[in-house]
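**Q** I'm passing along model-v8.cif; it holds mmCIF, C-alpha atoms.
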```cif
data_model
#
loop_
_atom_site.label_atom_id
_atom_site.label_comp_id
_atom_site.auth_asym_id
_atom_site.auth_seq_id
_atom_site.Cartn_x
_atom_site.Cartn_y
_atom_site.Cartn_z
CA MET A 130 -5.39 39.95 41.85
CA ASN A 131 -5.40 36.18 41.79
CA ALA A 132 -8.40 36.15 39.42
CA ASP A 133 -6.55 38.48 37.01
CA ARG A 134 -3.48 36.27 37.06
CA ARG A 135 -5.63 33.24 36.25
CA ASP A 136 -7.57 35.04 33.48
CA THR A 137 -4.60 36.40 31.58
CA PRO A 138 -3.23 33.08 30.24
CA ARG A 139 -6.76 31.92 29.40
CA SER A 140 -7.44 35.04 27.29
CA SER A 141 -4.10 34.66 25.63
CA LEU A 142 -4.88 31.03 24.76
CA THR A 143 -8.31 32.01 23.42
CA ALA A 144 -6.68 34.61 21.22
CA ARG A 145 -4.19 32.09 19.88
CA LEU A 146 -6.72 29.35 19.14
CA PRO A 147 -8.10 30.57 15.76
CA PRO A 148 -4.63 30.92 14.14
CA LEU A 149 -3.64 27.52 15.58
CA LEU A 150 -6.77 25.89 14.18
CA GLY A 151 -6.20 27.65 10.86
CA ALA A 152 -2.64 26.36 10.70
CA LEU A 153 -3.82 22.84 11.55
CA LEU A 154 -6.49 22.88 8.83
CA PHE A 155 -3.99 24.31 6.34
CA ALA A 156 -1.53 21.51 7.17
CA LEU A 157 -4.23 18.87 6.69
CA GLY A 158 -5.33 20.38 3.39
CA ALA A 159 -1.77 20.81 2.13
CA SER A 160 -0.94 17.18 2.87
CA GLY A 161 -3.81 16.07 0.65
CA CYS A 162 -5.65 14.32 3.48
CA VAL A 163 -9.07 15.78 3.03
CA ILE A 164 -10.70 18.08 0.53
CA ILE A 165 -13.85 19.34 2.15
CA GLY A 166 -16.85 21.19 0.82
CA ARG A 167 -16.17 21.64 -2.89
CA PRO A 168 -15.46 19.46 -5.88
CA PRO A 169 -11.73 19.01 -6.56
CA THR A 170 -10.49 20.80 -9.67
CA PRO A 171 -8.96 18.80 -12.55
CA GLN A 172 -5.57 20.29 -11.56
CA GLU A 173 -5.97 18.92 -8.04
CA LEU A 174 -6.89 15.57 -9.50
CA GLY A 175 -3.86 15.58 -11.81
CA LEU A 176 -6.25 15.31 -14.75
CA GLU A 177 -5.59 18.61 -16.55
CA PRO A 178 -5.97 18.19 -20.34
CA ASP A 179 -2.23 18.40 -21.08
CA ALA A 180 -1.66 15.38 -18.86
CA GLY A 181 -3.67 13.42 -21.45
CA HIS A 182 -5.92 11.90 -18.77
CA ARG A 183 -3.16 9.49 -17.81
CA LYS A 184 -4.65 8.94 -14.38
CA ALA A 185 -8.15 7.83 -13.56
CA VAL A 186 -10.28 8.72 -10.56
CA VAL A 187 -10.96 5.36 -8.91
CA LEU A 188 -14.07 5.41 -6.71
CA VAL A 189 -14.46 2.88 -3.92
CA ARG A 190 -16.84 2.55 -0.99
CA VAL A 191 -16.00 0.73 2.22
CA LEU A 192 -18.66 -0.57 4.62
CA THR A 193 -17.81 -2.19 7.88
CA GLU A 194 -19.43 -3.79 10.91
CA ILE A 195 -17.84 -4.11 14.32
CA ASP A 196 -19.25 -7.11 16.20
CA GLY A 197 -22.31 -7.11 13.95
CA ARG A 198 -23.07 -3.37 14.26
CA PRO A 199 -22.60 -1.04 11.26
CA SER A 200 -19.80 1.45 11.85
CA PRO A 201 -18.30 4.18 9.64
CA ALA A 202 -15.14 2.98 7.93
CA PHE A 203 -13.40 6.36 7.95
CA PRO A 204 -14.65 8.34 10.98
CA SER A 205 -11.52 10.51 11.28
CA ALA A 206 -9.56 10.35 7.99
CA VAL A 207 -6.47 9.43 10.03
CA ARG A 208 -4.83 6.26 8.80
CA GLU A 209 -3.75 5.00 12.23
CA ASP A 210 -7.18 5.60 13.81
CA ASP A 211 -9.40 4.26 11.03
CA LEU A 212 -9.77 1.11 9.08
CA TRP A 213 -7.67 1.92 5.99
CA LEU A 214 -7.20 0.46 2.53
CA GLY A 215 -3.95 -1.00 1.28
CA LEU A 216 -2.94 -0.91 -2.35
CA GLY A 217 -0.42 -3.00 -4.24
CA ASP A 218 0.85 -1.84 -7.62
CA PHE A 219 3.72 -2.33 -10.06
CA SER A 220 6.04 -0.25 -7.91
CA SER A 221 5.49 -2.44 -4.84
CA GLY A 222 5.45 -5.67 -6.86
CA GLY A 223 1.83 -6.14 -5.77
CA LYS A 224 2.70 -5.86 -2.05
CA ILE A 225 0.14 -4.05 0.00
CA ARG A 226 1.04 -0.56 1.23
CA ASP A 227 -1.20 2.12 2.69
CA ALA A 228 -3.28 3.60 -0.10
CA PRO A 229 -3.23 7.37 -0.71
CA LEU A 230 -6.97 7.67 -0.08
CA ARG A 231 -8.74 10.95 -0.69
CA PHE A 232 -12.21 12.07 0.30
CA PHE A 233 -14.64 14.51 -1.28
CA SER A 234 -16.31 15.72 1.93
CA ARG A 235 -16.92 14.76 5.53
CA ASP A 236 -20.35 13.34 4.63
CA THR A 237 -19.10 11.19 1.77
CA ARG A 238 -16.22 10.01 3.96
CA LYS A 239 -18.56 9.01 6.77
CA ASN A 240 -20.62 7.13 4.19
CA GLY A 241 -17.49 5.18 3.29
CA TRP A 242 -16.72 6.82 -0.06
CA ALA A 243 -13.08 7.40 -0.97
CA TYR A 244 -11.15 7.82 -4.18
CA LEU A 245 -7.69 7.20 -5.56
CA LEU A 246 -5.84 8.67 -8.54
CA LEU A 247 -4.23 5.82 -10.45
CA GLU A 248 -2.45 5.26 -13.73
CA PRO A 249 -3.66 2.44 -15.99
CA GLY A 250 -2.52 -0.93 -14.66
CA ILE A 251 -3.35 -3.85 -12.41
CA TYR A 252 -3.82 -3.17 -8.71
CA TYR A 253 -4.29 -5.20 -5.53
CA LEU A 254 -6.46 -4.12 -2.65
CA ALA A 255 -6.83 -5.12 1.00
CA PRO A 256 -8.36 -3.62 4.15
CA HIS A 257 -6.11 -2.94 7.14
CA PRO A 258 -7.24 -2.48 10.77
CA PRO A 259 -6.39 0.65 12.80
CA GLN A 260 -3.23 0.82 14.91
CA ASN A 261 -3.86 -1.25 18.03
CA GLY A 262 -0.26 -1.69 19.21
CA ASP A 263 3.13 0.00 18.87
CA ALA A 264 4.15 1.85 15.70
CA PHE A 265 6.80 -0.73 14.65
CA SER A 266 4.26 -3.58 14.72
CA TYR A 267 1.68 -1.45 12.94
CA LEU A 268 4.07 -0.52 10.11
CA ALA A 269 5.36 -4.09 9.80
CA SER A 270 1.81 -5.44 9.59
CA TRP A 271 1.26 -3.61 6.27
CA GLY A 272 3.91 -5.78 4.63
CA ARG A 273 2.22 -8.95 5.87
CA THR A 274 -1.24 -8.00 4.61
CA PRO A 275 -2.29 -10.28 1.76
CA PRO A 276 -4.28 -8.84 -1.14
CA SER A 277 -8.01 -9.54 -0.97
CA TRP A 278 -9.01 -8.25 -4.42
CA HIS A 279 -7.45 -7.14 -7.67
CA PHE A 280 -8.78 -4.69 -10.21
CA GLU A 281 -7.68 -3.15 -13.46
CA VAL A 282 -7.59 0.53 -14.41
CA PRO A 283 -8.04 0.62 -18.18
CA ARG A 284 -6.37 3.20 -20.43
CA GLY A 285 -8.46 6.26 -21.30
CA ALA A 286 -11.09 5.85 -18.55
CA PRO A 287 -11.52 9.11 -16.59
CA VAL A 288 -13.58 7.68 -13.69
CA ILE A 289 -13.99 4.09 -12.65
CA TYR A 290 -15.88 2.47 -9.77
CA ILE A 291 -14.30 -0.68 -8.35
CA GLY A 292 -17.08 -1.67 -5.98
CA THR A 293 -18.29 -1.42 -2.41
CA LEU A 294 -16.14 -3.45 -0.08
CA PHE A 295 -17.89 -4.98 2.90
CA VAL A 296 -15.21 -5.76 5.49
CA PRO A 297 -16.69 -6.75 8.87
CA GLY A 298 -14.68 -7.62 11.95
CA THR A 299 -14.48 -7.74 15.72
CA GLY A 300 -13.63 -4.80 17.95
CA GLN A 301 -12.39 -3.75 21.36
CA TRP A 302 -13.51 -1.10 23.82
CA MET A 303 -11.52 2.12 23.84
CA ILE A 304 -10.75 4.08 27.03
CA GLY A 305 -12.52 7.09 25.55
CA GLY A 306 -15.63 5.05 24.80
CA GLY A 307 -16.83 3.32 21.69
CA ARG A 308 -15.52 0.22 19.99
CA ARG A 309 -12.65 0.14 17.54
CA LEU A 310 -12.02 -2.50 14.90
CA ARG A 311 -9.33 -4.95 15.97
CA ARG A 312 -9.54 -7.94 13.63
CA PHE A 313 -11.24 -8.62 10.30
CA ASP A 314 -13.38 -11.61 9.49
CA PRO A 315 -12.09 -12.31 5.93
CA GLY A 316 -14.59 -15.16 5.51
CA ARG A 317 -17.38 -12.53 5.38
CA PHE A 318 -15.67 -10.12 2.95
CA GLU A 319 -17.85 -9.16 0.00
CA ILE A 320 -17.68 -6.86 -2.95
CA ARG A 321 -21.00 -5.24 -3.79
CA ASP A 322 -22.14 -3.38 -6.87
CA GLU A 323 -23.50 0.12 -6.10
CA THR A 324 -22.90 1.62 -9.52
CA VAL A 325 -26.05 3.80 -9.22
CA LEU A 326 -24.70 5.44 -6.03
CA ALA A 327 -21.24 5.79 -7.59
CA GLU A 328 -22.83 7.59 -10.53
CA GLN A 329 -24.49 10.01 -8.07
CA ILE A 330 -21.10 10.70 -6.46
CA ARG A 331 -19.58 11.35 -9.89
CA GLU A 332 -22.46 13.67 -10.79
CA SER A 333 -22.04 15.63 -7.52
CA TRP A 334 -18.26 15.85 -7.36
CA LEU A 335 -16.78 15.08 -10.76
CA LYS A 336 -19.30 16.64 -13.17
CA ASP A 337 -16.69 17.29 -15.87
CA LEU A 338 -15.39 13.74 -15.89
CA THR A 339 -17.53 11.36 -17.85
CA PRO A 340 -18.42 8.56 -18.29
CA LEU A 341 -18.11 6.47 -15.14
CA THR A 342 -17.41 2.84 -15.83
CA SER A 343 -17.62 -0.02 -13.35
CA HIS A 344 -14.72 -2.45 -13.07
CA LEU A 345 -15.52 -4.35 -9.90
CA GLY A 346 -12.64 -5.86 -7.98
CA VAL A 347 -12.18 -9.61 -8.22
CA PRO A 348 -11.34 -11.74 -5.15
CA HIS A 349 -7.66 -12.67 -5.04
CA SER A 350 -6.65 -15.95 -3.42
CA ALA A 351 -3.33 -16.57 -1.67
CA GLY A 352 -2.14 -19.19 -4.20
CA GLU A 353 -2.50 -16.96 -7.26
CA PRO A 354 0.50 -15.13 -8.69
CA ILE A 355 0.51 -11.35 -8.67
CA ILE A 356 0.06 -10.22 -12.28
CA LEU A 357 1.81 -7.01 -13.23
CA GLU A 358 1.88 -4.85 -16.33
CA THR A 359 4.50 -2.29 -17.27
CA PRO A 360 3.34 1.20 -16.22
CA PRO A 361 2.77 3.71 -19.05
CA GLY A 362 6.00 5.22 -20.35
CA LYS A 363 8.33 2.65 -18.71
CA MET B 71 13.98 30.42 32.68
CA PRO B 72 10.44 29.51 33.79
CA ARG B 73 10.24 26.33 35.83
CA SER B 74 7.83 24.63 33.36
CA ILE B 75 10.30 25.00 30.44
CA LEU B 76 13.11 23.71 32.63
CA MET B 77 11.00 20.68 33.55
CA ALA B 78 10.14 20.06 29.88
CA LEU B 79 13.82 20.23 28.86
CA LEU B 80 14.78 17.92 31.71
CA THR B 81 12.10 15.40 30.67
CA VAL B 82 13.27 15.45 27.05
CA SER B 83 16.92 15.00 28.02
CA LEU B 84 16.06 12.08 30.33
CA GLY B 85 14.15 10.34 27.55
CA GLY B 86 16.15 8.02 25.34
CA CYS B 87 16.17 5.50 22.58
CA ILE B 88 18.30 2.36 22.24
CA LEU B 89 18.73 0.43 19.00
CA PHE B 90 20.80 -2.74 19.19
CA PRO B 91 21.28 -4.74 15.96
CA ILE B 92 22.33 -8.43 16.10
CA PRO B 93 23.40 -9.96 12.76
CA THR B 94 22.24 -13.49 11.88
CA PRO B 95 24.48 -14.69 8.97
CA HIS B 96 22.13 -17.10 7.13
CA GLY B 97 18.85 -16.39 8.80
CA SER B 98 15.61 -18.23 8.23
CA VAL B 99 13.34 -17.46 5.31
CA LEU B 100 10.49 -15.33 6.62
CA GLU B 101 8.43 -15.14 3.46
CA GLY B 102 8.32 -17.09 0.19
CA ALA B 103 10.57 -20.02 -0.70
CA GLU B 104 14.30 -19.70 -1.28
CA VAL B 105 15.61 -20.80 -4.69
CA GLN B 106 19.13 -22.28 -4.58
CA PRO B 107 21.54 -21.50 -7.48
CA SER B 108 22.06 -25.26 -7.95
CA HIS B 109 18.35 -25.68 -8.79
CA VAL B 110 18.61 -23.18 -11.63
CA GLU B 111 21.51 -24.81 -13.50
CA SER B 112 19.30 -27.30 -15.34
CA LEU B 113 17.33 -24.61 -17.19
CA GLU B 114 18.21 -24.69 -20.90
CA PRO B 115 17.75 -21.60 -23.07
CA ALA B 116 15.21 -22.03 -25.91
CA ARG B 117 14.28 -25.50 -24.60
CA THR B 118 12.89 -25.39 -21.06
CA THR B 119 9.26 -24.27 -21.15
CA LYS B 120 7.40 -22.01 -18.75
CA GLU B 121 5.20 -24.94 -17.78
CA GLU B 122 8.26 -26.99 -16.80
CA VAL B 123 9.54 -24.10 -14.71
CA THR B 124 6.27 -23.71 -12.80
CA ARG B 125 6.11 -27.49 -12.32
CA ARG B 126 9.61 -27.46 -10.85
CA PHE B 127 9.48 -24.27 -8.77
CA GLY B 128 5.75 -23.97 -8.07
CA THR B 129 3.45 -21.01 -8.68
CA PRO B 130 5.53 -17.85 -9.09
CA THR B 131 5.03 -14.89 -6.81
CA ILE B 132 4.76 -12.54 -9.79
CA TRP B 133 3.95 -12.88 -13.45
CA TRP B 134 5.01 -9.72 -15.31
CA ARG B 135 2.59 -10.34 -18.14
CA ASP B 136 3.67 -8.06 -20.99
CA GLU B 137 7.37 -8.87 -20.46
CA ASN B 138 6.73 -12.60 -19.91
CA ILE B 139 8.91 -12.62 -16.80
CA LEU B 140 8.26 -14.80 -13.75
CA ALA B 141 9.55 -13.82 -10.32
CA TYR B 142 9.97 -16.04 -7.27
CA ARG B 143 10.43 -13.75 -4.31
CA TRP B 144 11.61 -14.48 -0.78
CA VAL B 145 12.57 -12.54 2.30
CA GLN B 146 15.38 -13.73 4.54
CA ARG B 147 16.29 -12.66 8.06
CA LYS B 148 19.69 -10.96 8.20
CA GLY B 149 19.53 -9.85 11.78
CA LEU B 150 17.45 -8.72 14.72
CA LEU B 151 16.99 -5.19 15.94
CA ILE B 152 16.28 -4.80 19.63
CA TRP B 153 14.77 -1.40 20.36
CA ALA B 154 13.72 0.45 23.46
CA VAL B 155 12.32 3.94 23.91
CA GLY B 156 11.87 5.59 27.26
CA GLY B 157 10.78 8.97 28.46
CA GLY B 158 9.19 10.31 31.63
CA TYR B 159 7.33 7.49 33.33
CA SER B 160 6.69 5.39 30.24
CA SER B 161 8.75 3.13 28.04
CA ALA B 162 8.29 0.68 25.20
CA GLY B 163 10.47 -1.87 23.51
CA GLY B 164 10.53 -4.82 21.17
CA VAL B 165 12.41 -6.87 18.63
CA VAL B 166 12.07 -6.45 14.87
CA ASP B 167 13.64 -8.40 12.00
CA ILE B 168 16.33 -6.95 9.75
CA THR B 169 15.59 -8.50 6.38
CA ALA B 170 16.94 -8.85 2.86
CA GLU B 171 14.76 -9.50 -0.15
CA TYR B 172 15.71 -11.78 -3.06
CA ALA B 173 14.12 -12.76 -6.34
CA PHE B 174 14.70 -15.48 -8.88
CA LEU B 175 13.80 -13.77 -12.16
CA ILE B 176 13.18 -15.75 -15.35
CA LYS B 177 12.59 -14.29 -18.80
CA PHE B 178 10.72 -16.31 -21.45
CA ASP B 179 10.40 -15.70 -25.18
CA GLU B 180 7.15 -15.32 -27.14
CA ALA B 181 6.85 -19.12 -27.35
CA ASP B 182 7.13 -19.41 -23.54
CA ARG B 183 10.62 -20.91 -23.73
CA PHE B 184 13.33 -20.05 -21.21
CA ARG B 185 15.63 -17.22 -22.27
CA SER B 186 17.56 -16.03 -19.22
CA SER B 187 17.42 -16.05 -15.44
CA GLU B 188 19.19 -14.71 -12.40
CA ILE B 189 18.96 -14.79 -8.62
CA VAL B 190 19.22 -11.18 -7.50
CA ARG B 191 19.20 -9.44 -4.13
CA LYS B 192 16.96 -6.40 -4.23
CA PRO B 193 18.82 -3.32 -3.01
CA SER B 194 17.10 -2.10 0.15
CA GLY B 195 15.16 1.06 -0.39
CA LYS B 196 14.65 0.44 -4.10
CA PRO B 197 10.99 -0.10 -5.01
CA PHE B 198 10.33 -3.61 -6.30
CA GLY B 199 8.94 -2.26 -9.58
CA GLN B 200 12.13 -0.30 -10.27
CA PHE B 201 14.16 -3.39 -9.39
CA LEU B 202 12.20 -5.34 -12.04
CA LEU B 203 12.60 -2.58 -14.64
CA ASP B 204 16.36 -2.41 -13.98
CA TRP B 205 16.69 -6.18 -14.40
CA ARG B 206 14.71 -6.10 -17.64
CA ASP B 207 16.95 -3.30 -18.98
CA SER B 208 20.11 -5.17 -17.95
CA GLN B 209 18.90 -8.28 -19.81
CA ARG B 210 18.10 -6.21 -22.89
CA ALA B 211 21.56 -4.64 -22.75
CA LYS B 212 23.16 -8.10 -22.46
CA GLU B 213 21.14 -9.43 -25.39
CA GLY B 214 22.11 -6.37 -27.45
CA THR B 215 25.79 -6.97 -26.68
CA GLU B 216 25.53 -10.64 -27.60
CA PHE B 217 23.75 -9.79 -30.84
CA LYS B 218 26.53 -7.40 -31.88
CA ARG B 219 29.22 -10.01 -31.28
CA PRO B 220 30.74 -11.36 -34.58
#
```
Show this structure as structure tokens.

**A**
Amino acid sequence: MNADRRDTPRSSLTARLPPLLGALLFALGASGCVIIGRPPTPQELGLEPDAGHRKAVVLVRVLTEIDGRPSPAFPSAVREDDLWLGLGDFSSGGKIRDAPLRFFSRDTRKNGWAYLLLEPGIYYLAPHPPQNGDAFSYLASWGRTPPSWHFEVPRGAPVIYIGTLFVPGTGQWMIGGGRRLRRFDPGRFEIRDETVLAEQIRESWLKDLTPLTSHLGVPHSAGEPIILETPPGK
Amino acid sequence: MPRSILMALLTVSLGGCILFPIPTPHGSVLEGAEVQPSHVESLEPARTTKEEVTRRFGTPTIWWRDENILAYRWVQRKGLLIWAVGGGYSSAGGVVDITAEYAFLIKFDEADRFRSSEIVRKPSGKPFGQFLLDWRDSQRAKEGTEFKRP
């Protein structure tokens, strides 16, 4: 009798798991977090012909090291748990906010590849560490993040590559094991040119969008003014 | 009602959140450098150059290139918000700043000579870009009105 009573809830939970997982995956997909396993369509990219290619696919790769050991930049695709990129644009007056990063697949994500859909203009970029304290402090820290690089999205370019950002730092042990990035070492930041690899990503995931052009980010120092340009149509 | 649901409801009802704002009338500048209205009075339309402005006020925060507008931006503390959240056996709390954002906006002509300027408080919640666009449009409207005057 007792065994039956114990088994019943377990079976019920097992039966409920697939729909729950399905709903979770649907929610993740619907929120635009991750597109896994197939190339995104031009409609998903906002690049359908009648939009006149106003936006460009902006490819970026992020490499990191925690205490000298290579570590994937985006292990989970969750902003609070991963190193994330911040983006400043005309709307924010160049201030860094969390970037709407997208990923082609789990493999490309774990290799540090991400992309953004951006209108022509001047943009500012900075890495941001995962959430290591309370939510208020985490959210406030975005506003205090200075831009590390700037880059330009030219008009009429369907795909651009802005470089491979190397952003090492120091970490801390997590209760569940492993080390998590806590603080960057901005003195070691680099921007590397991996145009050949970016071209392979374009060929695999964005076959219909050509050509890819490289517009590597340029280091931005604290004393420089933020340069803005009026967004198209404004 | 099953005991577990009752316990869950009890836990939720015992949890709480406190937000306690304290205003600070002329709080310290947290970011950027404040521009006083008295400093702006000496700017002369069609005479003061952009170079003179940057010499006097320093490097601007923003240069809106195609509109030839400079912006000096600063954030001032307007108050403090003390917060506390508790529930079950855990709690958290802290103090965060309540802020207001200002900008000294200066428009130059094609020859980099001063045209108009204003110190404006950015409405909270409005994106900075929209704030800039609105100011540009208001200046254009003013110039249009002045042009039509006999």

**Q** Atom CA of Ile88 of chain B to atom CA of Ser270 of chain A: how many Å, to one decimal?

**A**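 Answer for the atom CA of Ile88 of chain B to atom CA of Ser270 of chain A separation: 22.2 Å.
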
**Q** One number please: atom CA of Glu319 of chain A to atom CA of Pro256 of chain A, in Å, one decimal.

**A**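 Calculated distance between atom CA of Glu319 of chain A and atom CA of Pro256 of chain A is 11.7 Å.
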
**Q** Taking the file above as input, evaluate the PyMOL selection byres ((chain B and resi 191-203) around 6) and report the hits as a VMD selection string.

**A** (chain A and resid 219 to 222) or (chain B and resid 171 to 172 190 204 to 206)

**Q** Kindly provide the residues of chain B that approach chain A to within 6 Å, each paired with its closest atom pair and their distance in Å to one decimal, based on all atoms listed in the file, listed by chain and increasing number, as JSON lines.

**A**
```
{"residue": "B:Pro130", "atom": "CA", "partner": "A:Pro354", "partner_atom": "CA", "distance": 5.7}
{"residue": "B:Thr131", "atom": "CA", "partner": "A:Pro354", "partner_atom": "CA", "distance": 4.9}
{"residue": "B:Ile132", "atom": "CA", "partner": "A:Ile355", "partner_atom": "CA", "distance": 4.6}
{"residue": "B:Trp133", "atom": "CA", "partner": "A:Ile356", "partner_atom": "CA", "distance": 4.9}
{"residue": "B:Trp134", "atom": "CA", "partner": "A:Leu357", "partner_atom": "CA", "distance": 4.7}
{"residue": "B:Arg135", "atom": "CA", "partner": "A:Glu358", "partner_atom": "CA", "distance": 5.8}
{"residue": "B:Asp136", "atom": "CA", "partner": "A:Glu358", "partner_atom": "CA", "distance": 5.9}
{"residue": "B:Pro197", "atom": "CA", "partner": "A:Ser220", "partner_atom": "CA", "distance": 5.7}
{"residue": "B:Phe198", "atom": "CA", "partner": "A:Ser221", "partner_atom": "CA", "distance": 5.2}
{"residue": "B:Gly199", "atom": "CA", "partner": "A:Ser220", "partner_atom": "CA", "distance": 3.9}
```

**Q** Please evaluate the PyMOL selection byres ((chain B and resi 144) around 6) against the structure above and give the resulting residues as a list in words.

**A**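 Listing what the PyMOL selection byres ((chain B and resi 144) around 6) selects in the shown file: Glu101, Gly102, Ala103, Glu104, Arg143, Val145, Glu171 and Tyr172 of chain B.
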
**Q** Output the residue selection produced by the PyMOL selection byres ((chain B and resi 174-185) around 7) on the file above, formatted as a list of chain:residue names.

**A**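 Output from the PyMOL selection byres ((chain B and resi 174-185) around 7), applied to this file: B:Val105, B:Glu114, B:Pro115, B:Ala116, B:Arg117, B:Thr118, B:Thr119, B:Lys120, B:Asn138, B:Ile139, B:Leu140, B:Ala141, B:Tyr142, B:Arg143, B:Tyr172, B:Ala173, B:Ser186, B:Ser187, B:Glu188, B:Ile189, B:Val190.
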
**Q** Report as a count of residues only all protein, DNA and RNA residues lying within 6 Å of Val288 of chain A, evaluated on all atoms listed in the file, omitting residues in the same chain fewer than 4 positions from it.

**A** 4

**Q** Using only C-alpha atoms, which of B:Leu150, B:Ala211, B:Val123, B:Val166 sits nearest Pro95 of chain B?

**A** B:Leu150

**Q** At a cut-off of 9 Å around the point (-3.3, -12.7, 1.4) (file coordinates), what residues fall inside when counting all atoms listed in the file? I'd like the answer as JSON, numbers by chain.

**A** {"A": [255, 273, 274, 275, 276, 277, 349, 350, 351, 352]}

**Q** Find the residues near Arg317 of chain A: any atom within 12 Å, counting all atoms listed in the file, skip ones fewer than 4 places away on the same chain, and give them as a list in words.

**A**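 The residues satisfying every condition are Thr193, Glu194, Gly197, Ser277, Leu294, Phe295, Val296, Pro297, Gly298, Thr299 and Phe313 of chain A.
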
**Q** Between atom CA of Gly305 of chain A and atom CA of Pro199 of chain A, what is the distance in Å, rounded to a tenth?

**A**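 About the pair atom CA of Gly305 of chain A and atom CA of Pro199 of chain A: they are 19.3 Å apart.
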
**Q** List the neighbours of Gly362 of chain A out to 12 Å using only C-alpha atoms; skip same-chain residues closer than 5 positions along the sequence, and give me the result as number ranges by chain.

**A** A: 183, 248-250; B: 203

**Q** Ranking A:Leu345, A:Ala202, A:Leu212, A:Leu335 by minimum distance to Gly292 of chain A and counting all atoms listed in the file, which one comes first?

**A**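 Selected residue with least distance to Gly292 of chain A: A:Leu345.
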
**Q** Measuring between only C-alpha atoms, which one of B:Lys148, B:His109, B:Arg125, B:Arg73 shows the shortest distance to Thr94 of chain B?

**A**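 Ranked by minimum distance to Thr94 of chain B, first place goes to B:Lys148.
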
**Q** Taking only C-alpha atoms into account, name the residue in A:Leu230, A:Met303, A:Val347, A:Ile330 that is nearest to Ile291 of chain A.

**A**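 For Ile291 of chain A, the nearest of the given residues is A:Val347.
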